[in-house]
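Content type mmCIF, C-alpha atoms and all ligand atoms, from the file run_12.cif:
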data_structure
loop_
_atom_site.label_atom_id
_atom_site.label_comp_id
_atom_site.auth_asym_id
_atom_site.auth_seq_id
_atom_site.Cartn_x
_atom_site.Cartn_y
_atom_site.Cartn_z
CA MET A 22 27.41 -12.72 -14.17
CA SER A 23 26.90 -9.05 -14.79
CA ASP A 24 26.62 -6.64 -11.92
CA ASP A 25 22.84 -6.40 -11.82
CA VAL A 26 21.58 -9.90 -12.69
CA HIS A 27 20.18 -11.97 -9.84
CA GLU A 28 18.86 -15.41 -9.07
CA VAL A 29 15.39 -15.59 -7.52
CA TYR A 30 13.86 -18.43 -5.53
CA ALA A 31 10.50 -19.18 -3.93
CA VAL A 32 10.74 -21.19 -0.70
CA ARG A 33 7.46 -22.72 0.41
CA TYR A 34 7.11 -23.26 4.12
CA ALA A 35 3.40 -23.84 4.76
CA SER A 36 0.03 -24.52 3.22
CA HIS A 37 -3.62 -24.10 4.13
CA ALA A 38 -6.70 -25.88 2.83
CA ARG A 39 -9.72 -23.63 2.39
CA LYS A 40 -12.83 -23.21 0.30
CA ARG A 41 -12.22 -21.58 -3.06
CA SER A 42 -14.89 -18.99 -2.23
CA GLU A 43 -12.73 -17.71 0.65
CA ASN A 44 -10.14 -16.42 -1.83
CA TYR A 45 -12.31 -13.77 -3.49
CA ILE A 46 -14.52 -10.83 -2.67
CA PHE A 47 -17.98 -11.92 -3.95
CA GLY A 48 -16.93 -15.57 -3.48
CA ASP A 49 -16.64 -18.10 -6.27
CA PRO A 50 -19.26 -20.20 -8.09
CA HIS A 51 -17.12 -23.32 -7.52
CA ASP A 52 -17.47 -23.95 -3.82
CA GLU A 53 -14.84 -26.67 -3.70
CA MET A 54 -11.81 -27.05 -1.48
CA THR A 55 -8.49 -25.68 -2.63
CA SER A 56 -5.25 -24.78 -0.92
CA ILE A 57 -2.97 -21.80 -0.75
CA ALA A 58 0.78 -21.91 -0.29
CA TYR A 59 2.98 -19.75 1.93
CA TYR A 60 6.36 -18.65 0.66
CA VAL A 61 9.35 -16.52 1.41
CA TRP A 62 11.55 -15.48 -1.49
CA VAL A 63 15.31 -15.25 -1.96
CA ILE A 64 17.09 -12.82 -4.27
CA ALA A 65 20.79 -13.65 -4.68
CA GLY A 66 23.34 -11.77 -6.71
CA PRO A 67 26.62 -9.90 -6.75
CA HIS A 68 25.41 -7.60 -3.94
CA GLY A 69 24.57 -10.41 -1.57
CA VAL A 70 21.35 -12.05 -0.50
CA PHE A 71 18.01 -10.36 0.04
CA VAL A 72 15.39 -12.44 1.85
CA CYS A 73 11.93 -11.23 0.98
CA ASP A 74 9.50 -11.69 3.87
CA THR A 75 10.04 -13.87 6.91
CA GLY A 76 6.97 -16.12 7.10
CA PHE A 77 5.55 -17.41 10.37
CA ASP A 78 6.73 -19.82 13.04
CA GLN A 79 5.15 -22.88 14.66
CA ALA A 80 3.45 -20.92 17.44
CA ALA A 81 1.77 -18.56 14.96
CA ALA A 82 0.78 -21.50 12.75
CA LYS A 83 -0.89 -23.19 15.68
CA ALA A 84 -2.66 -20.02 16.75
CA ARG A 85 -4.10 -19.50 13.24
CA GLY A 86 -4.72 -23.14 12.27
CA ARG A 87 -2.08 -23.34 9.54
CA LYS A 88 0.34 -26.16 8.82
CA ILE A 89 4.07 -25.62 8.50
CA ILE A 90 5.60 -28.09 6.04
CA LYS A 91 9.23 -27.01 6.42
CA PRO A 92 10.26 -24.12 8.67
CA VAL A 93 11.55 -21.01 6.87
CA GLY A 94 15.08 -21.42 8.26
CA GLU A 95 15.28 -24.97 6.90
CA GLY A 96 14.26 -23.82 3.42
CA LEU A 97 16.93 -21.14 3.42
CA LYS A 98 19.58 -23.60 4.59
CA ALA A 99 18.59 -25.91 1.70
CA LEU A 100 19.75 -23.05 -0.55
CA GLY A 101 22.98 -22.71 1.41
CA ILE A 102 21.85 -19.56 3.19
CA GLU A 103 22.50 -19.20 6.91
CA PRO A 104 19.83 -16.92 8.41
CA ASP A 105 22.40 -15.60 10.91
CA HIS A 106 24.41 -14.17 8.02
CA VAL A 107 21.59 -12.53 6.03
CA ASN A 108 22.19 -8.79 5.77
CA HIS A 109 18.98 -7.64 4.11
CA VAL A 110 15.34 -8.56 4.67
CA ILE A 111 12.65 -6.95 2.54
CA CYS A 112 9.32 -6.79 4.37
CA THR A 113 6.62 -6.54 1.69
CA HIS A 114 4.03 -5.84 4.39
CA MET A 115 3.51 -6.63 8.04
CA HIS A 116 0.73 -9.23 7.87
CA TRP A 117 1.30 -12.12 10.27
CA ASP A 118 2.16 -14.59 7.49
CA HIS A 119 4.89 -12.32 6.10
CA ALA A 120 6.47 -10.65 9.14
CA GLY A 121 6.83 -13.42 11.77
CA ASN A 122 10.01 -15.31 12.67
CA TYR A 123 11.29 -11.94 13.75
CA ASP A 124 14.32 -13.36 15.60
CA LEU A 125 15.50 -15.50 12.70
CA PHE A 126 17.74 -12.84 11.11
CA PRO A 127 19.68 -11.30 14.00
CA THR A 128 22.01 -9.16 11.91
CA ALA A 129 19.72 -8.16 9.02
CA ARG A 130 18.49 -4.72 8.15
CA TYR A 131 14.79 -4.57 7.28
CA HIS A 132 13.39 -2.68 4.31
CA ILE A 133 9.81 -1.47 4.67
CA GLN A 134 7.60 1.27 3.28
CA ASP A 135 6.82 4.30 5.48
CA ALA A 136 3.13 3.77 4.81
CA GLU A 137 3.16 0.18 6.09
CA MET A 138 4.70 1.09 9.43
CA ALA A 139 2.32 4.02 9.82
CA TYR A 140 -0.65 1.77 8.97
CA ALA A 141 0.36 -1.08 11.32
CA THR A 142 0.99 1.23 14.27
CA GLY A 143 -1.61 3.95 13.70
CA ARG A 144 -5.29 4.63 14.00
CA CYS A 145 -6.41 1.91 11.58
CA MET A 146 -5.31 -0.70 14.14
CA CYS A 147 -8.07 0.59 16.43
CA HIS A 148 -10.44 -1.31 14.13
CA GLN A 149 -10.68 -4.99 14.90
CA MET A 150 -11.47 -5.82 11.28
CA LEU A 151 -8.29 -4.17 10.00
CA ARG A 152 -6.19 -5.68 12.82
CA ILE A 153 -7.03 -9.28 11.96
CA PRO A 154 -4.09 -9.94 9.59
CA PHE A 155 -1.56 -8.31 11.93
CA SER A 156 0.11 -9.81 14.98
CA GLU A 157 0.92 -7.49 17.86
CA SER A 158 4.19 -9.30 18.53
CA ASP A 159 5.36 -8.99 14.90
CA VAL A 160 4.56 -5.29 14.79
CA THR A 161 6.20 -4.51 18.13
CA ALA A 162 9.26 -6.52 17.05
CA MET A 163 9.54 -4.24 14.00
CA VAL A 164 9.21 -1.15 16.23
CA ARG A 165 12.05 -2.51 18.37
CA LYS A 166 14.14 -2.91 15.23
CA VAL A 167 13.55 0.76 14.43
CA PHE A 168 14.97 1.66 17.84
CA ALA A 169 17.89 -0.71 17.25
CA ASP A 170 18.67 1.15 14.00
CA ARG A 171 17.93 -1.93 11.89
CA VAL A 172 15.14 -0.58 9.65
CA GLU A 173 15.47 1.26 6.35
CA PHE A 174 12.30 3.09 5.36
CA HIS A 175 11.29 3.57 1.75
CA ASP A 176 8.63 5.75 0.20
CA GLY A 177 7.42 4.61 -3.20
CA VAL A 178 10.18 3.34 -5.48
CA GLU A 179 13.70 2.65 -4.20
CA GLU A 180 16.73 0.81 -5.53
CA LEU A 181 18.23 -1.56 -2.95
CA ALA A 182 21.02 -2.74 -5.26
CA PRO A 183 21.60 -2.52 -9.01
CA GLY A 184 18.76 -4.60 -10.49
CA VAL A 185 16.70 -4.81 -7.29
CA THR A 186 13.97 -2.22 -6.66
CA VAL A 187 10.99 -2.05 -4.32
CA HIS A 188 7.73 -0.43 -5.42
CA LYS A 189 4.86 0.64 -3.18
CA ILE A 190 1.60 -0.83 -4.46
CA GLY A 191 -0.76 -0.63 -1.45
CA GLY A 192 -4.26 -2.06 -1.80
CA HIS A 193 -4.25 -5.29 0.18
CA SER A 194 -2.26 -3.55 2.93
CA LYS A 195 -1.77 0.20 2.91
CA GLY A 196 2.03 0.15 2.54
CA LEU A 197 2.40 -3.13 0.64
CA GLN A 198 5.40 -3.25 -1.71
CA CYS A 199 6.53 -5.61 -4.45
CA VAL A 200 10.10 -6.33 -5.56
CA ARG A 201 11.34 -6.08 -9.15
CA VAL A 202 14.46 -8.08 -9.90
CA LYS A 203 16.61 -8.13 -13.03
CA THR A 204 17.35 -11.75 -13.93
CA ARG A 205 18.81 -13.68 -16.85
CA ARG A 206 15.27 -13.98 -18.33
CA GLY A 207 14.24 -10.36 -17.82
CA HIS A 208 12.57 -8.48 -14.98
CA VAL A 209 10.83 -10.78 -12.54
CA VAL A 210 8.33 -9.23 -10.11
CA VAL A 211 7.97 -10.87 -6.72
CA ALA A 212 4.40 -9.70 -6.15
CA SER A 213 3.89 -11.07 -2.65
CA ASP A 214 0.31 -10.14 -1.68
CA CYS A 215 -0.03 -7.49 -4.41
CA CYS A 216 -1.43 -10.54 -6.22
CA HIS A 217 -2.22 -13.64 -4.14
CA LEU A 218 -3.09 -16.05 -6.98
CA TYR A 219 -2.76 -15.99 -10.77
CA SER A 220 -6.56 -15.91 -10.96
CA HIS A 221 -6.66 -12.57 -9.16
CA ILE A 222 -4.66 -10.73 -11.79
CA ASP A 223 -5.94 -12.76 -14.75
CA GLU A 224 -9.60 -12.30 -13.84
CA GLY A 225 -9.49 -8.90 -12.11
CA ARG A 226 -10.62 -10.35 -8.79
CA VAL A 227 -9.60 -9.31 -5.27
CA PHE A 228 -8.64 -11.25 -2.14
CA PRO A 229 -11.08 -10.53 0.72
CA ILE A 230 -8.51 -8.95 3.05
CA THR A 231 -7.94 -5.51 1.59
CA TYR A 232 -7.44 -1.92 2.67
CA SER A 233 -8.42 -0.58 -0.78
CA VAL A 234 -10.06 -2.53 -3.59
CA GLY A 235 -9.29 0.28 -6.03
CA ASP A 236 -5.59 0.36 -5.20
CA THR A 237 -5.44 -3.45 -5.44
CA LEU A 238 -6.89 -3.42 -8.96
CA GLU A 239 -4.72 -0.50 -10.07
CA GLY A 240 -1.78 -2.35 -8.55
CA TYR A 241 -2.31 -5.24 -10.98
CA LYS A 242 -1.65 -2.81 -13.84
CA THR A 243 1.55 -1.58 -12.18
CA LEU A 244 2.76 -5.14 -11.61
CA LEU A 245 2.29 -5.97 -15.28
CA LYS A 246 4.19 -2.84 -16.28
CA LEU A 247 7.08 -3.70 -13.96
CA ALA A 248 7.38 -7.34 -15.08
CA SER A 249 8.86 -8.16 -18.48
CA SER A 250 5.67 -10.15 -19.17
CA ARG A 251 2.82 -11.88 -17.35
CA ARG A 252 5.13 -14.91 -17.17
CA HIS A 253 7.57 -12.83 -15.10
CA LEU A 254 5.03 -12.13 -12.37
CA VAL A 255 5.16 -14.35 -9.28
CA PRO A 256 2.02 -14.32 -7.11
CA GLY A 257 2.35 -14.54 -3.34
CA HIS A 258 0.27 -17.59 -2.42
CA ASP A 259 -0.33 -19.65 -5.56
CA PRO A 260 0.65 -23.34 -5.17
CA GLU A 261 0.97 -23.47 -8.97
CA VAL A 262 4.31 -21.63 -8.73
CA LEU A 263 5.93 -24.89 -7.59
CA ASN A 264 4.56 -26.72 -10.64
CA LEU A 265 5.48 -24.04 -13.16
CA TYR A 266 9.10 -23.51 -12.14
CA PRO A 267 11.89 -26.07 -11.81
CA ALA A 268 13.26 -27.03 -8.42
CA ALA A 269 16.29 -25.02 -7.30
CA LYS A 270 18.21 -28.30 -7.32
CA ALA A 271 17.55 -32.03 -7.16
CA GLY A 272 15.78 -33.00 -3.97
CA LEU A 273 14.00 -29.66 -3.49
CA GLU A 274 11.01 -30.43 -5.74
CA GLY A 275 7.75 -29.09 -4.31
CA TRP A 276 9.71 -26.99 -1.83
CA VAL A 277 12.16 -24.51 -3.41
CA ALA A 278 11.57 -23.27 -6.98
CA ARG A 279 13.91 -21.27 -9.19
CA LEU A 280 12.06 -18.24 -10.51
CA ASP A 281 14.74 -16.89 -12.82
CA ALA A 282 14.34 -20.08 -14.86
CA GLU A 283 11.74 -20.19 -17.64
CA PRO A 284 8.35 -21.37 -16.36
CA LYS A 285 6.37 -24.06 -18.12
CA THR A 286 3.74 -22.47 -20.31
ZN ZN B 301 -1.08 -10.02 3.27
ZN ZN B 302 -0.06 -13.28 2.62
#
Once you've parsed the file, please lay out its structure as structure tokens.
Ligand SMILES: [Zn+2]
Ligand SMILES: [Zn+2]
Amino acid sequence: MSDDVHEVYAVRYASHARKRSENYIFGDPHDEMTSIAYYVWVIAGPHGVFVCDTGFDQAAAKARGRKIIKPVGEGLKALGIEPDHVNHVICTHMHWDHAGNYDLFPTARYHIQDAEMAYATGRCMCHQMLRIPFSESDVTAMVRKVFADRVEFHDGVEELAPGVTVHKIGGHSKGLQCVRVKTRRGHVVVASDCCHLYSHIDEGRVFPITYSVGDTLEGYKTLLKLASSRRHLVPGHDPEVLNLYPAAKAGLEGWVARLDAEPKT
């Protein structure tokens, strides 16, 4: 394997049934039930393992009425990754469903955008409406990591290893970042909440939780530029990801998908 080519995996840990109309600003004409999936992602290559986002734990799931299918740590272990030994965690943004489980990676360094930390700890959090997707305990845990010298701040575009770069997109959360990874099939973009569902980017629609609608829509253009093609873009909450990509190995169907494999068309 060359020095900058990585494997990429999506590990689903939870799901949530909701009305389709709840997924879009201006709702949806089809008012039926649907579900969204919750993932963390794994980037593995010659420079080690990067875990992208940390999900939420049972207590947070209970508090917000979500259902954990397999805890994040179990999904990582299914890939042979011991959370205790993970050196790098990329935090795409600090929403509760991406930045919980904050004790799961005791030795990791966390990669986050300046703008996200400023947003989650600054004046915007005085507004109840903007606070909703954040958890005080997740945010304070990240502040403690800063004081423990375990956080690496990024501003815009940064290379974490050859073939792995983070890119500030903003929009849905002010300092939201995506991750671009060089793989055997080209550049895959782990979009996280820069694009919740395929329908958001395909139809130019926006998820209701957003700091800036304009930045979200502009962000879709950036994502498509960063990915080798639309088929290299991986949305953050679409259950379809598990149908499109093969399981990481036998027995992990519907749980862990391999994103550097070709998706079904
Ligand atoms: Zn989010
Ligand atoms: Zn999310």
For segment 133-215 of chain A against segment 234-255 of chain A, with a cut-off of 7 Å and counting only C-alpha atoms, what is the closest atom pair and its distance in Å to one decimal for every residue that makes the cut, ordered by chain and number, as a Markdown table?
| residue | atom | partner | partner_atom | distance |
| --- | --- | --- | --- | --- |
| A:Ile190 | CA | A:Gly240 | CA | 5.5 |
| A:Gly191 | CA | A:Asp236 | CA | 6.2 |
| A:Gly192 | CA | A:Thr237 | CA | 4.1 |
| A:His193 | CA | A:Thr237 | CA | 6.0 |
| A:Arg201 | CA | A:Leu247 | CA | 6.9 |
| A:Gly207 | CA | A:Ser249 | CA | 5.8 |
| A:His208 | CA | A:Ser249 | CA | 5.1 |
| A:Val209 | CA | A:His253 | CA | 4.6 |
| A:Val210 | CA | A:Leu254 | CA | 4.9 |
| A:Val211 | CA | A:Val255 | CA | 5.2 |
| A:Ala212 | CA | A:Val255 | CA | 5.7 |
| A:Cys215 | CA | A:Gly240 | CA | 6.8 |
Produce as a VMD selection string the set of residues near ligand ZN 301 (chain B), where near means within 12 Å with all atoms listed in the file considered.
-> chain A and resid 59 to 60 74 76 112 to 120 137 151 to 156 191 to 199 212 to 217 228 to 232 237 256 to 258
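If only C-alpha atoms are the atoms counted, then among A:Ala35, A:Ile57, A:Ala136, A:Val277 the closest residue to Gly101 of chain A is A:Val277.
For the residues A:Lys98, A:His37, A:Arg226, A:His27, ranking by smallest atom-to-atom distance to ligand ZN 302 (chain B) using all atoms listed in the file places A:His37 first.
Computed from the coordinates, the atom CA of Tyr266 of chain A to atom CA of Pro183 of chain A distance equals 24.6 Å.
Here atom CA of Thr186 of chain A and atom CA of Lys203 of chain A stand 9.1 Å from one another.
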Do a neighbour search on segment 82-91 of chain A at 7 Å with all atoms listed in the file, toss out local chain neighbours closer than 4 positions, and write the hits as a PDB file with C-alpha atoms, in the coordinates of the input.
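File written: out.pdb
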ATOM      1  CA  TYR A  34       7.110 -23.260   4.120  1.00  0.00           C
ATOM      2  CA  ALA A  35       3.400 -23.840   4.760  1.00  0.00           C
ATOM      3  CA  SER A  36       0.030 -24.520   3.220  1.00  0.00           C
ATOM      4  CA  HIS A  37      -3.620 -24.100   4.130  1.00  0.00           C
ATOM      5  CA  PHE A  77       5.550 -17.410  10.370  1.00  0.00           C
ATOM      6  CA  ASP A  78       6.730 -19.820  13.040  1.00  0.00           C
ATOM      7  CA  GLU A  95      15.280 -24.970   6.900  1.00  0.00           C
ATOM      8  CA  GLY A  96      14.260 -23.820   3.420  1.00  0.00           C
TER       9      GLY A  96
END
Find the distance between atom CA of Pro67 of chain A and atom CA of Thr128 of chain A and write it in Å to one decimal.
-> 19.2 Å
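Residue nearest ligand ZN 302 (chain B), chosen from A:Glu28, A:Asp259, A:Glu283, A:Asp49 and counting all atoms listed in the file: A:Asp259.
Compared by their closest atoms to Asp25 of chain A, and using only C-alpha atoms, the residues A:Glu274, A:Pro104, A:Pro50, A:His68 rank with A:His68 nearest.
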Which of A:Lys166, A:His51, A:Arg41, A:His109 sits closest to Phe71 of chain A [using all atoms listed in the file] = A:His109
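With only C-alpha atoms and all ligand atoms as the basis for measurement, A:Leu218 is the residue among A:Thr55, A:His106, A:Leu218, A:Leu125 that approaches ligand ZN 302 (chain B) most closely.
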Non-local contacts of Leu263 of chain A (10 Å; only C-alpha atoms; under 4 positions in same chain excluded) as a ChimeraX atom specification = /A:31-33,58,259,267-268,274-280,284
Write out as number ranges by chain which residues come within 8 Å of segment 169-176 of chain A when counting all atoms listed in the file, dropping same-chain ones fewer than 5 positions away.
-> A: 129-136, 163, 189
For segment 234-250 of chain A, take all atoms listed in the file, fit an axis-aligned box around them, add 6 Å to each of the six sides, then output centre and edge lengths in Å rounded to one decimal, as JSON.
{"center_x": -0.6, "center_y": -4.9, "center_z": -11.4, "size_x": 30.9, "size_y": 22.5, "size_z": 27.6}
